[in-house]
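Pasted below: final-v1.txt, compact mmCIF, C-alpha atoms and all ligand atoms.
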# COMPACT_ATOMS: atom_id res chain seq x y z
CA MET U 1 48.19 -7.93 174.81
CA ALA U 2 48.18 -4.17 175.30
CA TYR U 3 45.07 -2.49 174.06
CA ARG U 4 46.16 0.05 171.46
CA ASP U 5 42.96 1.98 170.89
CA ASP U 6 44.45 3.94 168.01
CA GLU U 7 45.44 0.74 166.18
CA TYR U 8 42.04 -0.87 166.68
CA ALA U 9 40.24 2.31 165.68
CA ALA U 10 42.30 2.73 162.51
CA ALA U 11 41.96 -0.92 161.48
CA LEU U 12 38.22 -1.02 162.18
CA ALA U 13 37.65 2.27 160.36
CA ALA U 14 39.55 0.91 157.37
CA ALA U 15 37.51 -2.31 157.43
CA ALA U 16 34.26 -0.34 157.69
CA GLY U 17 35.24 1.86 154.77
CA HIS U 18 36.20 -1.07 152.54
CA SER U 19 33.06 -2.95 153.55
CA GLU U 20 30.84 -0.02 152.61
CA ALA U 21 32.66 0.33 149.30
CA TRP U 22 32.14 -3.39 148.61
CA LEU U 23 28.44 -3.29 149.51
CA GLY U 24 28.00 -0.10 147.47
CA SER U 25 29.56 -1.76 144.41
CA LEU U 26 27.16 -4.72 144.45
CA PRO U 27 24.33 -3.24 142.36
CA ASN U 28 26.61 -2.47 139.41
CA ARG U 29 29.84 -4.44 139.63
CA HIS U 30 30.68 -7.39 137.41
CA VAL U 31 29.32 -10.39 139.33
CA GLY U 32 32.11 -12.86 138.64
CA PRO U 33 35.72 -12.58 139.84
CA ARG U 34 38.10 -11.09 137.28
CA VAL U 35 41.28 -12.83 138.44
CA PRO U 36 41.85 -16.58 139.09
CA ALA U 37 43.06 -17.96 142.42
CA SER U 38 46.44 -18.93 140.95
CA GLU U 39 47.19 -15.30 140.10
CA LEU U 40 45.89 -14.03 143.43
CA ALA U 41 48.02 -16.55 145.27
CA GLU U 42 51.07 -14.69 143.97
CA VAL U 43 49.68 -11.36 145.20
CA PHE U 44 49.01 -12.71 148.69
CA GLY U 45 52.00 -15.04 148.82
CA GLY U 46 55.71 -14.44 148.26
CA PRO U 47 58.35 -14.74 150.95
CA LEU U 48 57.22 -14.75 154.56
CA PRO U 49 57.61 -11.07 155.65
CA GLU U 50 60.42 -10.38 158.08
CA SER U 51 58.52 -7.57 159.79
CA GLY U 52 54.95 -6.57 160.44
CA MET U 53 53.01 -3.57 159.23
CA PRO U 54 50.43 -1.28 160.84
CA ALA U 55 47.03 -2.95 161.30
CA ALA U 56 45.17 -0.49 159.05
CA ASP U 57 47.71 -1.09 156.27
CA VAL U 58 47.06 -4.82 156.52
CA ILE U 59 43.36 -4.15 156.00
CA ASP U 60 43.99 -1.77 153.10
CA PHE U 61 46.26 -4.31 151.44
CA LEU U 62 43.78 -7.18 151.91
CA ALA U 63 40.87 -5.17 150.53
CA ALA U 64 42.75 -3.92 147.48
CA ALA U 65 44.39 -7.24 146.65
CA ALA U 66 41.21 -9.30 147.14
CA GLU U 67 38.84 -7.01 145.24
CA PRO U 68 39.38 -8.45 141.73
CA GLY U 69 39.00 -11.98 143.07
CA LEU U 70 35.68 -11.48 144.86
CA MET U 71 32.42 -12.95 143.59
CA ALA U 72 29.43 -10.66 144.14
CA MET U 73 27.57 -13.35 146.09
CA PRO U 74 25.55 -10.95 148.24
CA SER U 75 24.30 -9.02 145.19
CA GLY U 76 20.78 -9.35 143.84
CA ARG U 77 22.28 -10.40 140.49
CA PHE U 78 24.05 -13.52 141.78
CA PHE U 79 22.07 -16.69 141.06
CA GLY U 80 24.62 -19.42 141.78
CA TRP U 81 23.80 -22.46 143.94
CA VAL U 82 21.60 -21.62 146.94
CA ILE U 83 23.86 -18.89 148.25
CA GLY U 84 22.22 -15.88 149.87
CA GLY U 85 23.24 -12.34 150.75
CA THR U 86 23.53 -10.70 154.14
CA LEU U 87 20.97 -8.59 155.97
CA PRO U 88 22.26 -5.36 157.57
CA ALA U 89 21.59 -6.33 161.19
CA ALA U 90 23.03 -9.81 160.65
CA LEU U 91 26.22 -8.41 159.15
CA ALA U 92 26.65 -5.78 161.86
CA SER U 93 25.93 -8.38 164.57
CA ASP U 94 28.68 -10.50 163.07
CA TRP U 95 31.11 -7.60 163.53
CA LEU U 96 30.02 -7.34 167.15
CA VAL U 97 30.54 -11.06 167.64
CA SER U 98 34.11 -10.68 166.37
CA ALA U 99 34.76 -7.64 168.56
CA TRP U 100 33.36 -9.38 171.63
CA ASP U 101 35.47 -12.44 170.78
CA GLN U 102 33.66 -14.65 173.24
CA ASN U 103 34.63 -18.30 173.44
CA ALA U 104 30.93 -19.07 173.45
CA GLY U 105 30.87 -22.65 174.74
CA LEU U 106 29.90 -22.19 178.39
CA ARG U 107 26.82 -20.49 179.87
CA TYR U 108 28.84 -19.67 182.98
CA ALA U 109 31.67 -17.95 181.13
CA THR U 110 29.75 -16.26 178.31
CA PRO U 111 26.20 -15.75 179.58
CA ALA U 112 25.29 -13.02 177.11
CA THR U 113 26.06 -14.98 173.95
CA ALA U 114 24.62 -18.18 175.48
CA ALA U 115 21.36 -16.37 176.28
CA ILE U 116 21.21 -14.85 172.78
CA GLU U 117 21.67 -18.31 171.24
CA GLU U 118 19.00 -19.74 173.49
CA ALA U 119 16.56 -17.03 172.43
CA ALA U 120 17.43 -17.58 168.74
CA GLY U 121 16.97 -21.33 169.23
CA HIS U 122 13.53 -20.91 170.84
CA TRP U 123 12.41 -18.54 168.09
CA LEU U 124 13.66 -20.97 165.48
CA LEU U 125 11.59 -23.80 166.95
CA GLU U 126 8.52 -21.58 167.21
CA LEU U 127 8.93 -20.21 163.69
CA LEU U 128 9.28 -23.65 162.16
CA GLY U 129 6.70 -25.33 164.39
CA LEU U 130 9.15 -27.88 165.76
CA PRO U 131 9.00 -29.41 169.29
CA SER U 132 9.67 -26.64 171.82
CA ALA U 133 11.76 -28.96 174.01
CA ALA U 134 14.17 -29.90 171.21
CA ASP U 135 17.84 -28.93 171.53
CA VAL U 136 19.26 -26.43 169.05
CA GLY U 137 23.00 -26.38 168.40
CA PHE U 138 24.58 -23.63 166.30
CA VAL U 139 27.19 -25.13 164.01
CA THR U 140 29.11 -24.02 160.93
CA GLY U 141 26.59 -25.04 158.27
CA ALA U 142 24.18 -27.65 157.03
CA THR U 143 26.88 -30.29 156.57
CA MET U 144 27.74 -30.14 160.26
CA ALA U 145 24.07 -29.73 161.25
CA ASN U 146 23.29 -33.01 159.48
CA PHE U 147 26.39 -34.60 160.97
CA THR U 148 25.29 -33.52 164.45
CA GLY U 149 21.73 -34.83 164.06
CA MET U 150 23.00 -38.12 162.67
CA ALA U 151 25.58 -38.41 165.48
CA ALA U 152 22.72 -38.22 167.98
CA ALA U 153 20.91 -40.87 165.90
CA ARG U 154 23.93 -43.13 165.98
CA TRP U 155 24.20 -42.86 169.76
CA ARG U 156 20.50 -43.53 170.34
CA LEU U 157 20.19 -46.40 167.85
CA LEU U 158 23.21 -48.17 169.33
CA ALA U 159 22.11 -47.52 172.92
CA ASP U 160 18.71 -49.02 172.10
CA ALA U 161 20.50 -52.02 170.60
CA GLY U 162 22.34 -52.47 173.91
CA TRP U 163 25.67 -51.13 172.65
CA ASP U 164 27.76 -48.68 174.69
CA LEU U 165 29.21 -46.46 171.96
CA ASP U 166 31.12 -44.20 174.38
CA ARG U 167 32.92 -47.11 176.00
CA ASP U 168 33.32 -49.55 173.12
CA GLY U 169 33.38 -47.38 170.01
CA LEU U 170 32.13 -48.62 166.67
CA SER U 171 34.27 -51.74 166.26
CA GLY U 172 32.01 -54.74 166.61
CA ALA U 173 28.89 -52.58 167.05
CA PRO U 174 25.62 -53.59 165.41
CA ARG U 175 25.59 -52.20 161.88
CA ILE U 176 23.36 -49.16 161.45
CA ARG U 177 21.63 -49.34 158.08
CA CYS U 178 21.40 -45.88 156.53
CA PHE U 179 18.87 -44.90 153.86
CA VAL U 180 18.79 -41.77 151.71
CA GLY U 181 16.83 -40.69 148.66
CA ARG U 182 18.72 -41.04 145.40
CA GLU U 183 18.81 -37.24 145.15
CA ARG U 184 19.89 -36.38 148.69
CA HIS U 185 22.64 -33.80 148.99
CA ASP U 186 26.09 -35.39 148.85
CA THR U 187 27.09 -33.83 152.15
CA VAL U 188 24.73 -36.29 153.87
CA ASP U 189 27.01 -39.08 152.66
CA LEU U 190 29.94 -37.04 153.97
CA GLY U 191 28.36 -36.84 157.44
CA LEU U 192 27.76 -40.59 157.42
CA ARG U 193 31.37 -41.11 156.40
CA TYR U 194 32.61 -38.91 159.27
CA LEU U 195 30.45 -41.01 161.58
CA GLY U 196 31.93 -44.29 160.32
CA LEU U 197 28.53 -45.44 159.09
CA GLY U 198 29.60 -46.16 155.53
CA LYS U 199 27.72 -45.65 152.29
CA PRO U 200 23.95 -45.30 152.59
CA VAL U 201 21.41 -47.34 150.66
CA GLN U 202 20.01 -45.15 147.89
CA VAL U 203 16.23 -45.25 147.66
CA ASP U 204 14.43 -44.47 144.40
CA ALA U 205 13.25 -40.92 143.80
CA ASP U 206 10.67 -39.53 141.38
CA GLY U 207 11.31 -37.10 138.53
CA GLN U 208 11.53 -34.16 140.96
CA GLY U 209 13.97 -35.95 143.25
CA ARG U 210 11.38 -36.87 145.91
CA LEU U 211 12.08 -40.13 147.71
CA VAL U 212 9.48 -42.83 146.91
CA PRO U 213 8.01 -44.16 150.20
CA ALA U 214 7.17 -47.61 148.79
CA ALA U 215 10.80 -47.98 147.71
CA LEU U 216 11.91 -46.97 151.22
CA ASP U 217 9.58 -49.57 152.69
CA ALA U 218 11.05 -52.28 150.47
CA ALA U 219 14.62 -51.23 151.25
CA LEU U 220 14.01 -51.23 155.00
CA ALA U 221 12.19 -54.58 154.82
CA ALA U 222 15.16 -56.15 153.05
CA GLY U 223 17.15 -56.32 156.30
CA THR U 224 16.99 -56.03 160.06
CA GLY U 225 18.73 -54.02 162.77
CA PRO U 226 19.04 -50.33 163.66
CA ALA U 227 18.16 -47.97 160.82
CA LEU U 228 18.64 -44.29 160.04
CA VAL U 229 16.54 -42.64 157.34
CA CYS U 230 17.64 -39.27 156.02
CA LEU U 231 14.96 -37.26 154.21
CA GLN U 232 15.25 -33.96 152.40
CA ALA U 233 13.39 -30.65 152.63
CA GLY U 234 14.38 -28.81 149.48
CA ASN U 235 16.07 -30.53 146.57
CA LEU U 236 19.00 -28.48 145.28
CA HIS U 237 17.91 -28.85 141.64
CA SER U 238 14.11 -28.88 141.71
CA GLY U 239 13.27 -27.44 145.15
CA ALA U 240 11.09 -30.53 145.81
CA PHE U 241 10.39 -31.87 149.30
CA ASP U 242 10.25 -35.54 150.24
CA PRO U 243 6.72 -36.74 151.12
CA PHE U 244 7.21 -36.58 154.89
CA PRO U 245 3.94 -38.06 156.23
CA GLU U 246 4.26 -41.23 154.12
CA ALA U 247 8.05 -41.58 154.39
CA ILE U 248 8.10 -41.01 158.15
CA ALA U 249 5.25 -43.50 158.66
CA VAL U 250 7.28 -46.11 156.75
CA ALA U 251 10.42 -45.33 158.79
CA ARG U 252 8.47 -45.61 162.05
CA LYS U 253 7.06 -48.99 161.01
CA HIS U 254 10.66 -50.23 160.83
CA GLY U 255 11.76 -48.45 164.03
CA ALA U 256 14.13 -46.09 162.19
CA TRP U 257 15.43 -42.71 163.36
CA VAL U 258 14.40 -39.99 160.89
CA HIS U 259 16.69 -37.06 160.14
CA ILE U 260 15.71 -34.28 157.72
CA ASP U 261 18.26 -32.29 155.74
CA GLY U 262 16.60 -28.92 155.24
CA ALA U 263 19.63 -26.78 154.50
CA PHE U 264 17.64 -24.09 152.70
CA GLY U 265 14.19 -25.71 152.50
CA LEU U 266 13.32 -26.09 156.18
CA TRP U 267 12.47 -22.38 156.23
CA ALA U 268 9.45 -23.08 154.02
CA ALA U 269 7.75 -24.04 157.29
CA ALA U 270 7.93 -20.38 158.36
CA ALA U 271 6.10 -19.07 155.27
CA PRO U 272 2.33 -19.64 155.35
CA GLU U 273 2.15 -19.99 151.56
CA LEU U 274 4.91 -22.65 151.53
CA ARG U 275 4.32 -24.46 154.81
CA HIS U 276 2.31 -27.22 153.11
CA LEU U 277 5.58 -28.42 151.53
CA THR U 278 6.89 -29.39 154.96
CA GLN U 279 3.69 -31.08 156.11
CA GLY U 280 4.46 -33.84 158.62
CA PHE U 281 8.14 -32.91 158.97
CA GLU U 282 7.70 -32.18 162.66
CA GLU U 283 7.35 -35.93 163.30
CA ALA U 284 11.06 -36.50 162.54
CA ASP U 285 13.72 -36.98 165.24
CA SER U 286 16.29 -34.45 164.05
CA TRP U 287 16.65 -31.70 161.51
CA GLY U 288 19.56 -29.86 159.93
CA THR U 289 19.33 -26.39 158.44
CA ASP U 290 21.39 -23.25 158.13
CA ALA U 291 20.93 -19.52 158.25
CA HIS U 292 23.56 -18.61 155.66
CA LYS U 293 21.35 -19.56 152.73
CA THR U 294 17.65 -18.69 153.00
CA LEU U 295 17.96 -16.52 156.10
CA ASN U 296 20.63 -14.16 154.70
CA VAL U 297 23.01 -14.40 157.61
CA PRO U 298 26.78 -14.17 156.97
CA TYR U 299 28.81 -17.36 156.74
CA ASP U 300 29.01 -19.51 158.68
CA CYS U 301 25.86 -20.46 160.55
CA GLY U 302 24.08 -23.81 160.70
CA MET U 303 21.56 -25.27 163.14
CA ALA U 304 21.22 -28.83 164.37
CA ILE U 305 17.82 -29.50 165.94
CA VAL U 306 17.44 -32.71 167.92
CA ARG U 307 14.34 -33.89 169.77
CA ASP U 308 16.24 -36.37 171.97
CA GLN U 309 18.39 -34.17 174.22
CA THR U 310 19.96 -37.13 175.97
CA ALA U 311 21.20 -38.57 172.69
CA LEU U 312 22.56 -35.25 171.43
CA ARG U 313 24.40 -34.40 174.63
CA ALA U 314 25.76 -37.93 174.95
CA ALA U 315 27.07 -37.68 171.38
CA MET U 316 28.54 -34.16 171.66
CA GLY U 317 29.10 -33.35 175.34
CA LEU U 318 32.18 -33.74 177.46
CA HIS U 319 33.05 -33.15 181.07
CA ALA U 320 36.28 -31.75 182.39
CA SER U 321 36.95 -30.24 185.80
CA TYR U 322 37.94 -26.87 184.37
CA LEU U 323 34.78 -26.53 182.28
CA VAL U 324 32.22 -25.10 184.68
CA HIS U 325 29.05 -26.86 183.60
CA ASP U 326 25.73 -25.09 184.12
CA ALA U 327 23.74 -27.98 185.54
CA GLU U 328 20.62 -25.90 186.21
CA GLY U 329 20.21 -24.30 182.80
CA PRO U 330 19.07 -25.54 179.40
CA GLY U 331 22.50 -26.94 178.56
CA ASP U 332 25.81 -25.38 177.65
CA PRO U 333 26.20 -24.45 173.97
CA PHE U 334 29.18 -26.79 173.50
CA GLU U 335 27.14 -29.83 174.56
CA LYS U 336 25.01 -29.53 171.44
CA VAL U 337 27.73 -29.09 168.81
CA PRO U 338 30.89 -30.91 167.71
CA GLU U 339 33.31 -28.22 168.87
CA LEU U 340 34.33 -26.68 172.18
CA SER U 341 35.82 -23.28 171.32
CA ARG U 342 33.32 -21.57 169.08
CA ARG U 343 32.11 -18.17 167.97
CA ALA U 344 28.58 -17.14 168.89
CA ARG U 345 26.87 -17.98 165.61
CA GLY U 346 23.34 -17.64 166.94
CA CYS U 347 23.82 -13.90 167.55
CA ARG U 348 23.46 -13.19 163.83
CA CYS U 349 20.01 -14.85 163.75
CA GLY U 350 18.52 -13.37 166.88
CA GLN U 351 17.29 -10.08 165.49
CA PRO U 352 13.69 -9.00 165.96
C1 LIG B 401 20.18 -29.68 150.59
C2 LIG B 401 21.54 -29.31 151.09
N1 LIG B 401 22.08 -29.96 152.14
C3 LIG B 401 23.29 -29.65 152.64
C4 LIG B 401 24.06 -28.65 152.08
C5 LIG B 401 25.41 -28.31 152.67
O1 LIG B 401 25.33 -27.06 153.28
P1 LIG B 401 26.59 -26.27 153.90
O2 LIG B 401 27.37 -25.82 152.75
O3 LIG B 401 25.99 -25.18 154.70
O4 LIG B 401 27.37 -27.22 154.75
C6 LIG B 401 23.56 -27.95 150.98
C7 LIG B 401 24.35 -26.90 150.33
O5 LIG B 401 23.99 -26.34 149.34
C8 LIG B 401 22.26 -28.26 150.47
O6 LIG B 401 21.72 -27.60 149.44

Translate this structure into C-alpha cells?
Amino acid sequence: MAYRDDEYAAALAAAAGHSEAWLGSLPNRHVGPRVPASELAEVFGGPLPESGMPAADVIDFLAAAAEPGLMAMPSGRFFGWVIGGTLPAALASDWLVSAWDQNAGLRYATPATAAIEEAAGHWLLELLGLPSAADVGFVTGATMANFTGMAAARWRLLADAGWDLDRDGLSGAPRIRCFVGRERHDTVDLGLRYLGLGKPVQVDADGQGRLVPAALDAALAAGTGPALVCLQAGNLHSGAFDPFPEAIAVARKHGAWVHIDGAFGLWAAAAPELRHLTQGFEEADSWGTDAHKTLNVPYDCGMAIVRDQTALRAAMGLHASYLVHDAEGPGDPFEKVPELSRRARGCRCGQP
C-alpha cells in the first residue's frame, strides 16, 4: 500500500474535528439516540457502491450519518448499565494504537506494545493487591476475561484429575461441577457454555445478591469431582460483593478452583475507602475485570488475571515455527488470551 500522506492527513484531521465536536456536544446534547437502527440502516446501506470516495469524505459521511443514532454514553448525564466514559489520555492512546496498527501478539515482533502491556499488567496487580507473579492477559472485556480465567481453571482441574485436555478434548473427561451465586452476571454462564462446561449450579444469594457460603458448602458437598466456583465482586443491581473469606474457605475445603468476576467491582480494591469490600479476594485463583467500565478506557479492554501461569498458557498458548516465541521473557501477549492477532489494549490503561 502506498503511503498517501495527504489522504491520511485529511482523513485524520476530519476524524479529529468530528471527535472534538462530539465530545463538545456531550454536556448539552440529548442523551438518547434520536433515530432507530432500522432507519439508520437505510442511511448506511443501499446498493454496494461501484466506486470509492476520498478517505476524508468517508469520515465526513460516517460522522454526519451516525450523529442522530449515537447515545451520549461518555457524558456525565448517562446513567445506563455500568458504562463509563473515556479519559483524555486513554482516548488519545487509543488513536495511537490504531495508527501504530501493531499486531501485538509477540514480544519479538512488537516489543513496544508488549512492554507497555507488561507495565500496565504489573501496575494493575500492584494497584489491586493481587499476586505479583500472576499472568495478566488483555482481552476484549469482562466476558472474555471470565472465559479466559475459567479456561485456565478447566485445564488445571482436568490435569489434576489425570485428564489430558489438549490431547483428548472434553469427550469422556471427568465432569467439572460449576457453581455460581444466583445473582452472578449471565455472561459467566456464557463463558461456561463456550467452554463446554454446561449450566452451573446456582447457589442461594441474600437480598443484596451476595452468595451464601453455607449454601455453597451444601452444594459442593452434594457431589464429588473437580469443581469450579465463580464468585462476584460487584453485583450489577446492588453493587454488593460476595463474602470472599468465607466463600473461598468453603471452596478450598472442597478443592475447588475459585474465579472472581469483578467486571466493574474489582477496582474497589484500589480505593482505600472501598477496599474492605474485596477483603480476602486475593486468595482466589483467577479474576476477570475490565477497564472500559470503572477505569474510563475506550471499548474494548478487559483483563484476565490468573495465578497459575502454567494453566493459563496451556489453555491459551500455541506454538508454530513462524511465531518467534520469546522464551526468556515474561510470556508473549498471545499466550495469555484467546486470540492471536490483537490490538494493544493495555496501552490505553498504562498512563501515569
Ligand atoms: C458483573 C459483570 N460481569 C461481566 C460483565 C460483562 O462485561 P463485558 O460487557 O465487558 O463483557 C458485566 C457487564 O456489565 C458485569 O456487570

Exercise. Which residue, U:Pro74, U:Pro333, U:Gly223, U:Gly80, has the smallest gap to ligand LIG 401 (chain B) when you use only C-alpha atoms and all ligand atoms?
Worked result: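 For ligand LIG 401 (chain B), the nearest of the candidates is U:Gly80.
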
Problem set entry | Nearby residues, ligand LIG 401 (chain B), 9 Å, only C-alpha atoms and all ligand atoms, as an NGL selection string | :U and (81-83 or 140-146 or 184-188 or 232-237 or 261-265 or 288-293 or 299-302)

Problem set entry | Protein, DNA and RNA residues within 12 Å of (22.4, -34.4, 179.1), all atoms listed in the file, as a PyMOL selection string | chain U and resi 135+152+308-319+325-336

Exercise. So how many Å separate atom CA of Gly346 of chain U and atom CA of Met73 of chain U, to one decimal?
Worked result: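 Atom-to-atom, atom CA of Gly346 of chain U and atom CA of Met73 of chain U are spaced 21.7 Å apart.
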
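Within the 8 Å cut-off around segment 40-57 of chain U, using all atoms listed in the file and omitting residues fewer than 5 positions from it on the same chain, the listed residues are Glu7, Tyr8, Ala10, Ala11, Leu12, Ala14, Val35, Ala65, Ala66 and Gly69 of chain U.
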
For this session: Counting all atoms listed in the file, note down every residue that has an atom within 10 Å of the point (36.3, -5.6, 167.9) (file coordinates), as a list in words.
Result: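 Counting all atoms listed in the file, I find these residues within 10 Å of (36.3, -5.6, 167.9): Tyr8, Ala9, Ala11, Leu12, Trp95, Leu96, Val97, Ser98, Ala99, Trp100 and Asp101 of chain U.
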
Exercise. Quick one: of U:Leu323, U:Pro174, U:Asn296, U:Arg307, who's nearest to Gly162 of chain U, counting only C-alpha atoms?
Worked result: U:Pro174

For this session: Find the residues near His259 of chain U: any atom within 9 Å, counting all atoms listed in the file, skip ones fewer than 2 places away on the same chain, and give them as a ChimeraX atom specification.
Result: /U:146,149-150,153,228-232,257,261,284-288,306

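Using only C-alpha atoms, the smallest distance between any of U:Leu195, U:Val324, U:Leu295, U:Ala15 and Ala89 of chain U comes from U:Leu295.
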
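Counting all atoms listed in the file and comparing U:Ser341, U:Gln202, U:Ser321, U:Ser238, the residue that lies closest to Ala104 of chain U is U:Ser341.
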
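In this model, the gap between atom CA of Thr294 of chain U and atom CA of Thr278 of chain U comes to 15.3 Å.
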
For this session: Could you jot down the atom CA of Leu158 of chain U to atom CA of Ile176 of chain U separation for me, Å, one decimal place?
Result: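 Going from atom CA of Leu158 of chain U over to atom CA of Ile176 of chain U, I get 7.9 Å.
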
Exercise. Hey, which of U:Leu106, U:Cys347, U:His18, U:Leu70 ends up closest to His30 of chain U? Count all atoms listed in the file.
Worked result: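 Closest residue, counting all atoms listed in the file: U:Leu70.
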